[in-house]
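> query_0.json is the file, holding JSON, C-alpha atoms and all ligand atoms:
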[["chain", "number", "residue", "atom", "x", "y", "z"],
["A", 1, "MET", "CA", 123.62, 73.67, 136.25],
["A", 2, "THR", "CA", 120.39, 72.39, 134.71],
["A", 3, "GLU", "CA", 118.24, 74.86, 132.83],
["A", 4, "THR", "CA", 114.65, 75.39, 134.00],
["A", 5, "LYS", "CA", 112.05, 74.55, 131.40],
["A", 6, "TRP", "CA", 110.04, 77.61, 130.37],
["A", 7, "ARG", "CA", 106.29, 77.66, 130.79],
["A", 8, "LEU", "CA", 103.49, 80.16, 130.19],
["A", 9, "VAL", "CA", 99.95, 80.09, 131.60],
["A", 10, "ILE", "CA", 97.23, 82.59, 130.67],
["A", 11, "HIS", "CA", 93.61, 83.29, 131.53],
["A", 12, "GLY", "CA", 90.92, 85.28, 129.75],
["A", 13, "GLY", "CA", 88.56, 85.46, 132.71],
["A", 14, "ALA", "CA", 86.44, 83.17, 134.86],
["A", 15, "GLY", "CA", 82.69, 83.06, 134.44],
["A", 16, "SER", "CA", 79.40, 81.42, 133.70],
["A", 17, "GLU", "CA", 79.09, 78.22, 131.73],
["A", 18, "ARG", "CA", 77.58, 79.36, 128.46],
["A", 19, "ILE", "CA", 78.41, 83.02, 128.25],
["A", 20, "ALA", "CA", 75.83, 84.84, 126.13],
["A", 21, "HIS", "CA", 77.39, 86.99, 123.44],
["A", 22, "ASP", "CA", 76.01, 88.78, 120.41],
["A", 23, "ASN", "CA", 78.63, 87.04, 118.33],
["A", 24, "ALA", "CA", 77.70, 83.38, 117.78],
["A", 25, "ASP", "CA", 81.34, 82.64, 116.95],
["A", 26, "HIS", "CA", 82.51, 84.07, 120.25],
["A", 27, "GLU", "CA", 83.75, 80.77, 121.68],
["A", 28, "ALA", "CA", 85.84, 79.91, 118.61],
["A", 29, "SER", "CA", 87.19, 83.48, 118.49],
["A", 30, "ALA", "CA", 88.08, 83.36, 122.18],
["A", 31, "ARG", "CA", 89.90, 80.03, 121.77],
["A", 32, "ALA", "CA", 91.82, 81.47, 118.80],
["A", 33, "GLY", "CA", 92.63, 84.59, 120.85],
["A", 34, "LEU", "CA", 93.99, 82.51, 123.71],
["A", 35, "GLY", "CA", 96.17, 80.65, 121.21],
["A", 36, "GLU", "CA", 97.52, 83.92, 119.79],
["A", 37, "ALA", "CA", 98.39, 85.17, 123.28],
["A", 38, "LEU", "CA", 100.17, 81.90, 124.08],
["A", 39, "ASP", "CA", 102.12, 82.18, 120.83],
["A", 40, "ALA", "CA", 103.13, 85.78, 121.58],
["A", 41, "GLY", "CA", 104.56, 84.85, 124.99],
["A", 42, "SER", "CA", 105.95, 81.44, 123.97],
["A", 43, "THR", "CA", 108.02, 82.86, 121.13],
["A", 44, "ILE", "CA", 109.83, 85.04, 123.65],
["A", 45, "LEU", "CA", 110.36, 82.27, 126.20],
["A", 46, "ALA", "CA", 111.44, 79.67, 123.61],
["A", 47, "ASN", "CA", 114.13, 82.10, 122.42],
["A", 48, "GLY", "CA", 115.53, 82.58, 125.92],
["A", 49, "GLY", "CA", 113.62, 85.81, 126.65],
["A", 50, "THR", "CA", 112.47, 86.90, 130.09],
["A", 51, "ALA", "CA", 109.29, 85.99, 131.92],
["A", 52, "VAL", "CA", 108.49, 89.73, 132.20],
["A", 53, "ASP", "CA", 108.65, 90.20, 128.43],
["A", 54, "ALA", "CA", 106.51, 87.09, 127.91],
["A", 55, "VAL", "CA", 103.71, 88.04, 130.31],
["A", 56, "GLU", "CA", 103.56, 91.58, 128.95],
["A", 57, "ALA", "CA", 103.34, 90.27, 125.36],
["A", 58, "ALA", "CA", 100.63, 87.72, 126.24],
["A", 59, "ALA", "CA", 98.54, 90.23, 128.22],
["A", 60, "ARG", "CA", 99.00, 92.87, 125.50],
["A", 61, "THR", "CA", 97.69, 90.43, 122.88],
["A", 62, "LEU", "CA", 94.61, 89.74, 125.01],
["A", 63, "GLU", "CA", 94.06, 93.49, 125.63],
["A", 64, "GLU", "CA", 93.89, 94.03, 121.86],
["A", 65, "ASN", "CA", 91.40, 91.19, 121.37],
["A", 66, "PRO", "CA", 87.78, 92.39, 121.73],
["A", 67, "CYS", "CA", 86.68, 88.95, 123.00],
["A", 68, "PHE", "CA", 88.10, 89.71, 126.42],
["A", 69, "ASN", "CA", 87.37, 92.19, 129.19],
["A", 70, "ALA", "CA", 90.62, 94.17, 128.99],
["A", 71, "GLY", "CA", 91.69, 96.98, 126.69],
["A", 72, "ARG", "CA", 89.38, 97.16, 123.65],
["A", 73, "GLY", "CA", 86.16, 95.27, 124.42],
["A", 74, "SER", "CA", 86.16, 96.05, 128.13],
["A", 75, "VAL", "CA", 82.96, 96.30, 130.12],
["A", 76, "LEU", "CA", 81.48, 99.74, 130.80],
["A", 77, "THR", "CA", 81.15, 101.76, 133.97],
["A", 78, "GLU", "CA", 77.77, 102.99, 135.22],
["A", 79, "GLN", "CA", 78.49, 106.20, 133.24],
["A", 80, "GLY", "CA", 79.10, 104.28, 129.99],
["A", 81, "LYS", "CA", 82.88, 104.75, 129.92],
["A", 82, "VAL", "CA", 85.78, 102.31, 130.01],
["A", 83, "GLU", "CA", 88.14, 102.53, 132.99],
["A", 84, "LEU", "CA", 91.03, 100.09, 132.91],
["A", 85, "ASP", "CA", 93.19, 98.53, 135.63],
["A", 86, "ALA", "CA", 96.47, 96.62, 135.16],
["A", 87, "ALA", "CA", 99.53, 95.39, 137.06],
["A", 88, "ILE", "CA", 102.79, 93.59, 136.32],
["A", 89, "MET", "CA", 105.34, 92.11, 138.72],
["A", 90, "ASP", "CA", 108.83, 90.66, 138.37],
["A", 91, "GLY", "CA", 109.62, 87.76, 140.72],
["A", 92, "ARG", "CA", 113.38, 88.43, 140.61],
["A", 93, "ASP", "CA", 113.23, 91.43, 142.92],
["A", 94, "ARG", "CA", 109.48, 91.90, 143.46],
["A", 95, "SER", "CA", 109.53, 95.11, 141.45],
["A", 96, "ALA", "CA", 106.01, 96.03, 140.36],
["A", 97, "GLY", "CA", 103.98, 98.56, 138.41],
["A", 98, "ALA", "CA", 100.23, 99.13, 138.63],
["A", 99, "VAL", "CA", 97.63, 101.51, 137.21],
["A", 100, "SER", "CA", 93.90, 102.00, 137.74],
["A", 101, "GLY", "CA", 91.12, 104.06, 136.20],
["A", 102, "ILE", "CA", 92.96, 104.37, 132.86],
["A", 103, "LYS", "CA", 90.77, 106.03, 130.19],
["A", 104, "THR", "CA", 93.00, 106.81, 127.20],
["A", 105, "THR", "CA", 96.09, 104.61, 127.31],
["A", 106, "ARG", "CA", 95.74, 101.88, 124.69],
["A", 107, "ALA", "CA", 98.03, 99.37, 126.44],
["A", 108, "PRO", "CA", 97.50, 99.49, 130.22],
["A", 109, "ILE", "CA", 99.84, 96.55, 130.82],
["A", 110, "SER", "CA", 102.68, 98.32, 129.01],
["A", 111, "LEU", "CA", 102.03, 101.44, 131.07],
["A", 112, "ALA", "CA", 102.25, 99.31, 134.23],
["A", 113, "ARG", "CA", 105.55, 97.91, 132.98],
["A", 114, "ARG", "CA", 106.89, 101.37, 132.21],
["A", 115, "LEU", "CA", 106.05, 102.38, 135.77],
["A", 116, "MET", "CA", 107.72, 99.24, 137.16],
["A", 117, "GLU", "CA", 110.95, 100.02, 135.33],
["A", 118, "HIS", "CA", 111.07, 103.80, 135.47],
["A", 119, "GLY", "CA", 109.02, 104.67, 138.57],
["A", 120, "PRO", "CA", 109.50, 106.52, 140.79],
["A", 121, "HIS", "CA", 106.13, 105.25, 142.08],
["A", 122, "VAL", "CA", 104.62, 101.74, 141.98],
["A", 123, "PHE", "CA", 100.95, 102.67, 141.50],
["A", 124, "LEU", "CA", 99.35, 105.55, 139.57],
["A", 125, "ALA", "CA", 95.61, 106.17, 139.29],
["A", 126, "GLY", "CA", 93.25, 108.01, 136.93],
["A", 127, "THR", "CA", 94.04, 110.98, 134.73],
["A", 128, "ALA", "CA", 97.52, 111.33, 136.21],
["A", 129, "ALA", "CA", 98.38, 107.83, 135.03],
["A", 130, "ASP", "CA", 97.19, 108.59, 131.48],
["A", 131, "ARG", "CA", 99.22, 111.82, 131.57],
["A", 132, "PHE", "CA", 102.28, 109.88, 132.72],
["A", 133, "ALA", "CA", 101.72, 107.49, 129.79],
["A", 134, "ALA", "CA", 101.38, 110.31, 127.27],
["A", 135, "GLY", "CA", 104.57, 111.89, 128.62],
["A", 136, "ALA", "CA", 106.37, 108.58, 128.20],
["A", 137, "GLY", "CA", 105.26, 108.36, 124.56],
["A", 138, "ILE", "CA", 102.77, 105.51, 125.18],
["A", 139, "GLU", "CA", 99.91, 105.58, 122.65],
["A", 140, "GLN", "CA", 96.77, 107.48, 123.66],
["A", 141, "VAL", "CA", 93.32, 106.83, 122.13],
["A", 142, "PRO", "CA", 89.84, 108.28, 122.70],
["A", 143, "ASN", "CA", 87.85, 106.37, 125.32],
["A", 144, "ASP", "CA", 85.41, 105.33, 122.54],
["A", 145, "PHE", "CA", 88.18, 103.24, 121.00],
["A", 146, "PHE", "CA", 87.68, 100.68, 123.80],
["A", 147, "ILE", "CA", 83.87, 100.54, 123.55],
["A", 148, "LEU", "CA", 81.98, 97.84, 121.63],
["A", 149, "PRO", "CA", 78.18, 97.91, 121.00],
["A", 150, "GLU", "CA", 77.82, 94.59, 122.81],
["A", 151, "ARG", "CA", 79.22, 96.10, 125.99],
["A", 152, "ARG", "CA", 76.70, 98.97, 125.71],
["A", 153, "ARG", "CA", 73.93, 96.40, 125.50],
["A", 154, "GLN", "CA", 75.26, 94.60, 128.57],
["A", 155, "LEU", "CA", 75.42, 97.86, 130.50],
["A", 156, "GLU", "CA", 71.85, 98.73, 129.52],
["A", 157, "GLU", "CA", 70.71, 95.29, 130.72],
["A", 158, "ALA", "CA", 72.53, 95.72, 134.02],
["A", 159, "LEU", "CA", 71.12, 99.20, 134.58],
["A", 160, "ALA", "CA", 67.60, 98.05, 133.64],
["A", 161, "ALA", "CA", 67.92, 95.27, 136.20],
["A", 162, "GLY", "CA", 68.74, 97.96, 138.73],
["A", 163, "GLN", "CA", 71.95, 96.34, 139.87],
["A", 164, "GLU", "CA", 75.49, 95.59, 138.90],
["A", 165, "ALA", "CA", 75.85, 92.66, 136.52],
["A", 166, "ASP", "CA", 77.24, 89.37, 137.79],
["A", 167, "PRO", "CA", 80.83, 90.49, 138.49],
["A", 168, "ILE", "CA", 82.31, 87.20, 137.36],
["A", 169, "LYS", "CA", 80.55, 87.02, 134.03],
["A", 170, "TYR", "CA", 82.99, 88.63, 131.68],
["A", 171, "GLY", "CA", 86.42, 88.21, 133.14],
["A", 172, "THR", "CA", 89.80, 89.82, 133.08],
["A", 173, "VAL", "CA", 93.02, 88.70, 131.39],
["A", 174, "GLY", "CA", 96.26, 87.51, 132.94],
["A", 175, "ALA", "CA", 99.54, 85.76, 132.26],
["A", 176, "VAL", "CA", 102.19, 84.10, 134.41],
["A", 177, "ALA", "CA", 105.49, 82.70, 133.17],
["A", 178, "VAL", "CA", 108.72, 81.06, 134.22],
["A", 179, "ASP", "CA", 111.68, 81.56, 131.90],
["A", 180, "VAL", "CA", 114.72, 79.34, 131.29],
["A", 181, "GLN", "CA", 116.60, 81.23, 134.02],
["A", 182, "GLY", "CA", 113.94, 80.14, 136.53],
["A", 183, "ASN", "CA", 112.57, 83.67, 136.99],
["A", 184, "VAL", "CA", 108.83, 84.18, 137.30],
["A", 185, "ALA", "CA", 106.57, 87.13, 136.41],
["A", 186, "ALA", "CA", 102.85, 87.94, 136.47],
["A", 187, "ALA", "CA", 100.61, 90.37, 134.56],
["A", 188, "THR", "CA", 96.87, 91.12, 134.90],
["A", 189, "SER", "CA", 94.69, 93.58, 132.97],
["A", 190, "THR", "CA", 90.96, 94.29, 133.15],
["A", 191, "GLY", "CA", 88.03, 96.61, 132.52],
["A", 192, "GLY", "CA", 86.65, 95.52, 135.91],
["A", 193, "ILE", "CA", 82.94, 94.80, 136.27],
["A", 194, "THR", "CA", 79.92, 96.03, 134.31],
["A", 195, "ALA", "CA", 78.24, 99.13, 135.76],
["A", 196, "LYS", "CA", 80.98, 99.72, 138.28],
["A", 197, "ARG", "CA", 80.65, 102.98, 140.18],
["A", 198, "TRP", "CA", 82.99, 105.98, 140.21],
["A", 199, "GLY", "CA", 86.52, 105.14, 141.18],
["A", 200, "ARG", "CA", 85.93, 101.43, 141.76],
["A", 201, "VAL", "CA", 89.22, 99.51, 141.78],
["A", 202, "GLY", "CA", 89.22, 95.71, 141.61],
["A", 203, "ASP", "CA", 91.81, 93.17, 142.66],
["A", 204, "SER", "CA", 93.70, 93.03, 139.34],
["A", 205, "PRO", "CA", 96.00, 96.06, 139.82],
["A", 206, "LEU", "CA", 96.45, 95.53, 143.56],
["A", 207, "ILE", "CA", 99.80, 93.89, 144.20],
["A", 208, "GLY", "CA", 99.15, 90.83, 146.38],
["A", 209, "ALA", "CA", 95.41, 90.64, 145.61],
["A", 210, "GLY", "CA", 95.05, 89.95, 141.85],
["A", 211, "THR", "CA", 98.72, 89.96, 140.84],
["A", 212, "TYR", "CA", 101.91, 88.78, 142.56],
["A", 213, "ALA", "CA", 105.32, 87.34, 141.66],
["A", 214, "ASP", "CA", 108.11, 86.16, 143.92],
["A", 215, "ASN", "CA", 110.95, 83.89, 142.84],
["A", 216, "ARG", "CA", 110.84, 82.33, 146.32],
["A", 217, "ALA", "CA", 107.35, 80.96, 145.63],
["A", 218, "ALA", "CA", 105.37, 81.60, 142.44],
["A", 219, "ALA", "CA", 103.84, 84.07, 139.99],
["A", 220, "ILE", "CA", 100.06, 84.42, 140.24],
["A", 221, "SER", "CA", 97.23, 86.14, 138.34],
["A", 222, "ALA", "CA", 93.60, 86.11, 139.48],
["A", 223, "THR", "CA", 90.20, 86.52, 137.85],
["A", 224, "GLY", "CA", 86.79, 86.68, 139.50],
["A", 225, "SER", "CA", 84.81, 88.73, 141.98],
["A", 226, "GLY", "CA", 87.51, 91.27, 142.75],
["A", 227, "GLU", "CA", 86.14, 92.54, 146.04],
["A", 228, "TYR", "CA", 86.59, 89.07, 147.57],
["A", 229, "PHE", "CA", 90.05, 88.54, 146.11],
["A", 230, "ILE", "CA", 91.08, 91.86, 147.68],
["A", 231, "ARG", "CA", 89.73, 90.84, 151.08],
["A", 232, "ALA", "CA", 91.54, 87.48, 150.90],
["A", 233, "VAL", "CA", 94.78, 89.10, 149.64],
["A", 234, "ALA", "CA", 94.54, 86.15, 147.27],
["A", 235, "ALA", "CA", 97.74, 86.16, 145.22],
["A", 236, "HIS", "CA", 100.03, 86.95, 148.16],
["A", 237, "GLN", "CA", 98.21, 84.43, 150.33],
["A", 238, "LEU", "CA", 98.88, 81.79, 147.65],
["A", 239, "ALA", "CA", 102.61, 82.61, 147.50],
["A", 240, "GLU", "CA", 102.99, 82.57, 151.27],
["A", 241, "ARG", "CA", 101.16, 79.26, 151.59],
["A", 242, "MET", "CA", 103.92, 77.85, 149.39],
["A", 243, "ARG", "CA", 106.88, 79.74, 150.83],
["A", 244, "LEU", "CA", 106.05, 79.54, 154.54],
["A", 245, "GLY", "CA", 103.48, 76.75, 154.66],
["A", 246, "GLY", "CA", 105.19, 74.28, 152.34],
["A", 247, "GLU", "CA", 102.08, 73.73, 150.21],
["A", 248, "THR", "CA", 102.37, 72.64, 146.58],
["A", 249, "LEU", "CA", 101.22, 75.00, 143.84],
["A", 250, "GLN", "CA", 97.94, 73.12, 143.36],
["A", 251, "GLN", "CA", 97.26, 72.84, 147.12],
["A", 252, "ALA", "CA", 97.85, 76.57, 147.53],
["A", 253, "ILE", "CA", 95.51, 77.40, 144.62],
["A", 254, "ASP", "CA", 92.76, 75.11, 145.95],
["A", 255, "ASN", "CA", 93.10, 76.45, 149.51],
["A", 256, "VAL", "CA", 93.00, 80.11, 148.44],
["A", 257, "LEU", "CA", 89.92, 79.51, 146.28],
["A", 258, "ALA", "CA", 88.25, 77.72, 149.23],
["A", 259, "ASP", "CA", 89.13, 80.68, 151.46],
["A", 260, "ILE", "CA", 87.56, 83.09, 148.95],
["A", 261, "GLU", "CA", 84.45, 80.90, 148.66],
["A", 262, "SER", "CA", 84.13, 80.89, 152.46],
["A", 263, "ILE", "CA", 83.55, 84.67, 152.35],
["A", 264, "GLY", "CA", 81.23, 84.53, 149.31],
["A", 265, "GLY", "CA", 83.53, 85.03, 146.29],
["A", 266, "ARG", "CA", 84.18, 83.00, 143.17],
["A", 267, "GLY", "CA", 86.75, 83.03, 140.40],
["A", 268, "GLY", "CA", 90.01, 81.49, 139.28],
["A", 269, "LEU", "CA", 93.77, 81.55, 139.71],
["A", 270, "ILE", "CA", 96.70, 80.68, 137.46],
["A", 271, "ALA", "CA", 100.22, 80.19, 138.81],
["A", 272, "VAL", "CA", 103.73, 79.03, 137.89],
["A", 273, "ALA", "CA", 106.68, 78.26, 140.15],
["A", 274, "PRO", "CA", 110.40, 78.85, 139.49],
["A", 275, "THR", "CA", 110.76, 75.03, 139.26],
["A", 276, "GLY", "CA", 108.63, 75.08, 136.10],
["A", 277, "ASP", "CA", 105.51, 73.71, 137.83],
["A", 278, "ALA", "CA", 102.27, 75.30, 136.64],
["A", 279, "ALA", "CA", 98.67, 74.97, 137.80],
["A", 280, "TRP", "CA", 95.26, 76.57, 137.69],
["A", 281, "GLY", "CA", 91.97, 76.31, 139.51],
["A", 282, "PHE", "CA", 88.53, 77.94, 139.38],
["A", 283, "THR", "CA", 85.27, 77.84, 141.31],
["A", 284, "THR", "CA", 83.14, 79.12, 138.40],
["A", 285, "PRO", "CA", 81.71, 76.80, 135.72],
["A", 286, "ALA", "CA", 84.23, 78.11, 133.19],
["A", 287, "MET", "CA", 87.57, 79.88, 132.91],
["A", 288, "TYR", "CA", 89.14, 80.90, 129.61],
["A", 289, "ARG", "CA", 92.68, 79.58, 129.97],
["A", 290, "GLY", "CA", 95.73, 78.23, 128.23],
["A", 291, "MET", "CA", 99.15, 76.76, 128.90],
["A", 292, "ALA", "CA", 102.26, 76.44, 126.75],
["A", 293, "ASP", "CA", 105.72, 74.94, 127.12],
["A", 294, "ALA", "CA", 108.30, 73.34, 124.84],
["A", 295, "ALA", "CA", 105.97, 70.33, 124.32],
["A", 296, "GLY", "CA", 103.13, 72.42, 122.85],
["A", 297, "ARG", "CA", 100.11, 74.38, 123.94],
["A", 298, "THR", "CA", 96.56, 73.81, 125.14],
["A", 299, "VAL", "CA", 93.54, 76.10, 125.47],
["A", 300, "ALA", "CA", 90.37, 75.39, 127.44],
["A", 301, "ILE", "CA", 87.19, 77.06, 128.61],
["A", 302, "TYR", "CA", 84.98, 74.64, 130.54],
["A", 303, "SER", "CA", 85.69, 72.16, 133.35],
["A", 304, "GLY", "CA", 87.09, 68.88, 132.06],
["A", 305, "ASP", "CA", 88.32, 70.62, 128.93],
["A", 306, "ASP", "CA", 92.02, 70.28, 129.71],
["A", 307, "ALA", "CA", 93.36, 67.53, 127.44],
["A", 308, "ARG", "CA", 96.33, 68.71, 125.39],
["B", 401, "LIG", "N1", 88.69, 90.57, 138.94],
["B", 401, "LIG", "C1", 88.54, 91.76, 138.22],
["B", 401, "LIG", "C2", 87.79, 92.79, 138.94],
["B", 401, "LIG", "O1", 87.05, 92.49, 139.89],
["B", 401, "LIG", "O2", 87.92, 93.94, 138.58]]
Show the structure stored in the file as structure tokens.

Amino acid sequence: MTETKWRLVIHGGAGSERIAHDNADHEASARAGLGEALDAGSTILANGGTAVDAVEAAARTLEENPCFNAGRGSVLTEQGKVELDAAIMDGRDRSAGAVSGIKTTRAPISLARRLMEHGPHVFLAGTAADRFAAGAGIEQVPNDFFILPERRRQLEEALAAGQEADPIKYGTVGAVAVDVQGNVAAATSTGGITAKRWGRVGDSPLIGAGTYADNRAAAISATGSGEYFIRAVAAHQLAERMRLGGETLQQAIDNVLADIESIGGRGGLIAVAPTGDAAWGFTTPAMYRGMADAAGRTVAIYSGDDAR
């Protein structure tokens, strides 16, 4: 039996071309952060570890990096708090764990994984989810831990403009992987969108919208205007285009993004198949992204930035 080649693909959010940040070194820091996340997941996969372990490690690394809108450095709600969403899925048996409205759990993706493996439920929301995390011994932090001054400034700008900020401006993080056994997994984690209202849940934690994994098709993570990805059931649509429609990974990505655009949404998708194929696509000017396999790794931000 031939061994599948492992592969890891990550994103750090889709957005505008030259994203304005207080930190002039933001772009270099973001590229370095993408590289660190690829290294965290690749080390696991190169040593024969599972796709689930790899996507959790990659997403966890991005959650800890303040350059990205997940974990510390997340965007703020209308009330000036951080509320986090995350999901993880294992393509072997389509087991999944998801959380939304997290306020004190430092590692939302690890909480989602804990839920996936120890249930009994698939999806927990709000204070109850943080309580579940505390009970499971998962680190709790004050909500202020997640908040950076730059995100306060962005919230103030959005509120002064009297509207929610461009929902695709500051991203989300995600990882998809195929391991040497040919199993796929997906993980997505986000702070959502700036100035989001009470209880708003985006596509990221919704299984089939922003996150999906099925060994019969692919593992997928989305970034972009979540409301549209929910309405398109984007990640599940992509998998079923492959499984039932016979589309290739790239065709399925392009067709799902076109479907989302047809209803007014923009963003990006990353995906890997159990065969080892990997692809991405985005309808925004930029998407923070990276790919790694046994031959090396590449990180990119803008269109046409993909040379290894
Ligand atoms: N795509 C992330 C969100 O809309 O929350």
> For CA of Gly174 in chain A and CA of His11 in chain A, quote the distance in Å rounded to one decimal.
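Result for CA of Gly174 in chain A versus CA of His11 in chain A: 5.2 Å, one decimal.
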> Around ligand LIG 401 (chain B), out to 6 Å and counting only C-alpha atoms and all ligand atoms, which residues are there? I want them as a PyMOL selection string.
chain A and resi 172+192-193+202-204+223-226
> Near Arg243 in chain A, within 10 Å and counting all atoms listed in the file, which residues show up once chain neighbours fewer than 6 positions away are dropped, as a PyMOL selection string?
chain A and resi 214-218+237
> Here's a test: counting only C-alpha atoms, identify every protein, DNA and RNA residue with an atom at most 6 Å from (95.9, 82.1, 139.0) in the file's coordinate frame, and state them as a list in words.
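Result, sorted by chain then residue number: Ile220, Ser221, Ala222, Gly268, Leu269, Ile270, Ala271 and Trp280 of chain A.
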> Quick one: pull the distance between CA of Thr61 in chain A and CA of Ala37 in chain A, Å, one decimal.
5.3 Å
> Pick from A:Thr105, A:Ser303, A:Thr50, A:Thr298: nearest to Leu38 in chain A, with all atoms listed in the file counted?
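Looking only at the distances to Leu38 in chain A, the closest residue turns out to be A:Thr298.
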> Taking only C-alpha atoms into account, name the residue in A:Leu244, A:Met89, A:Met287, A:Cys67 that is nearest to Ala300 in chain A.
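Looking only at the distances to Ala300 in chain A, the closest residue turns out to be A:Met287.
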> Kindly extract all protein, DNA and RNA residues lying within 12 Å of the coordinates (98.2, 92.6, 145.8) given in the file, considering all atoms listed in the file, and supply them as a PyMOL selection string.
chain A and resi 86-89+94+96-98+122-123+186-188+202-214+219-222+226+229-239
> Using all atoms listed in the file, pick whichever of A:Val52, A:Ala40, A:Ala185, A:Ala295 has the shortest atom-to-atom distance to Val272 in chain A.
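Checking each of A:Val52, A:Ala40, A:Ala185, A:Ala295 against Val272 in chain A, counting all atoms listed in the file, the winner is A:Ala185.
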> Would you fill the gaps in range 99-105 of chain A so it has all heavy atoms, then print it as a PDB file, in the coordinates of the input?

ATOM      1  N   VAL A  99      98.420 100.328 137.582  1.00  0.00           N
ATOM      2  CA  VAL A  99      97.630 101.510 137.210  1.00  0.00           C
ATOM      3  C   VAL A  99      96.149 101.191 137.367  1.00  0.00           C
ATOM      4  O   VAL A  99      95.728 100.041 137.184  1.00  0.00           O
ATOM      5  CB  VAL A  99      97.918 101.948 135.755  1.00  0.00           C
ATOM      6  CG1 VAL A  99      99.335 102.501 135.631  1.00  0.00           C
ATOM      7  CG2 VAL A  99      97.704 100.820 134.749  1.00  0.00           C
ATOM      8  N   SER A 100      95.352 102.215 137.679  1.00  0.00           N
ATOM      9  CA  SER A 100      93.900 102.000 137.740  1.00  0.00           C
ATOM     10  C   SER A 100      93.176 103.226 137.195  1.00  0.00           C
ATOM     11  O   SER A 100      93.722 104.332 137.174  1.00  0.00           O
ATOM     12  CB  SER A 100      93.450 101.713 139.179  1.00  0.00           C
ATOM     13  OG  SER A 100      93.572 102.864 139.961  1.00  0.00           O
ATOM     14  N   GLY A 101      91.954 102.975 136.720  1.00  0.00           N
ATOM     15  CA  GLY A 101      91.120 104.060 136.200  1.00  0.00           C
ATOM     16  C   GLY A 101      91.669 104.689 134.937  1.00  0.00           C
ATOM     17  O   GLY A 101      91.417 105.862 134.653  1.00  0.00           O
ATOM     18  N   ILE A 102      92.376 103.883 134.118  1.00  0.00           N
ATOM     19  CA  ILE A 102      92.960 104.370 132.860  1.00  0.00           C
ATOM     20  C   ILE A 102      91.832 104.596 131.842  1.00  0.00           C
ATOM     21  O   ILE A 102      90.980 103.727 131.654  1.00  0.00           O
ATOM     22  CB  ILE A 102      93.932 103.286 132.306  1.00  0.00           C
ATOM     23  CG1 ILE A 102      95.106 103.122 133.260  1.00  0.00           C
ATOM     24  CG2 ILE A 102      94.394 103.607 130.894  1.00  0.00           C
ATOM     25  CD1 ILE A 102      95.878 104.351 133.496  1.00  0.00           C
ATOM     26  N   LYS A 103      91.855 105.745 131.144  1.00  0.00           N
ATOM     27  CA  LYS A 103      90.770 106.030 130.190  1.00  0.00           C
ATOM     28  C   LYS A 103      91.261 106.202 128.755  1.00  0.00           C
ATOM     29  O   LYS A 103      90.475 106.097 127.817  1.00  0.00           O
ATOM     30  CB  LYS A 103      90.041 107.314 130.596  1.00  0.00           C
ATOM     31  CG  LYS A 103      89.236 107.182 131.887  1.00  0.00           C
ATOM     32  CD  LYS A 103      88.238 108.351 131.972  1.00  0.00           C
ATOM     33  CE  LYS A 103      87.475 108.386 133.269  1.00  0.00           C
ATOM     34  NZ  LYS A 103      88.224 108.919 134.395  1.00  0.00           N
ATOM     35  N   THR A 104      92.548 106.501 128.562  1.00  0.00           N
ATOM     36  CA  THR A 104      93.000 106.810 127.200  1.00  0.00           C
ATOM     37  C   THR A 104      94.273 106.066 126.776  1.00  0.00           C
ATOM     38  O   THR A 104      94.691 106.209 125.631  1.00  0.00           O
ATOM     39  CB  THR A 104      93.252 108.331 127.039  1.00  0.00           C
ATOM     40  OG1 THR A 104      94.224 108.737 128.006  1.00  0.00           O
ATOM     41  CG2 THR A 104      91.975 109.145 127.217  1.00  0.00           C
ATOM     42  N   THR A 105      94.852 105.317 127.664  1.00  0.00           N
ATOM     43  CA  THR A 105      96.090 104.610 127.310  1.00  0.00           C
ATOM     44  C   THR A 105      95.731 103.261 126.682  1.00  0.00           C
ATOM     45  O   THR A 105      95.065 102.436 127.314  1.00  0.00           O
ATOM     46  CB  THR A 105      96.971 104.402 128.557  1.00  0.00           C
ATOM     47  OG1 THR A 105      97.276 105.688 129.101  1.00  0.00           O
ATOM     48  CG2 THR A 105      98.255 103.673 128.195  1.00  0.00           C
TER      49      THR A 105
END
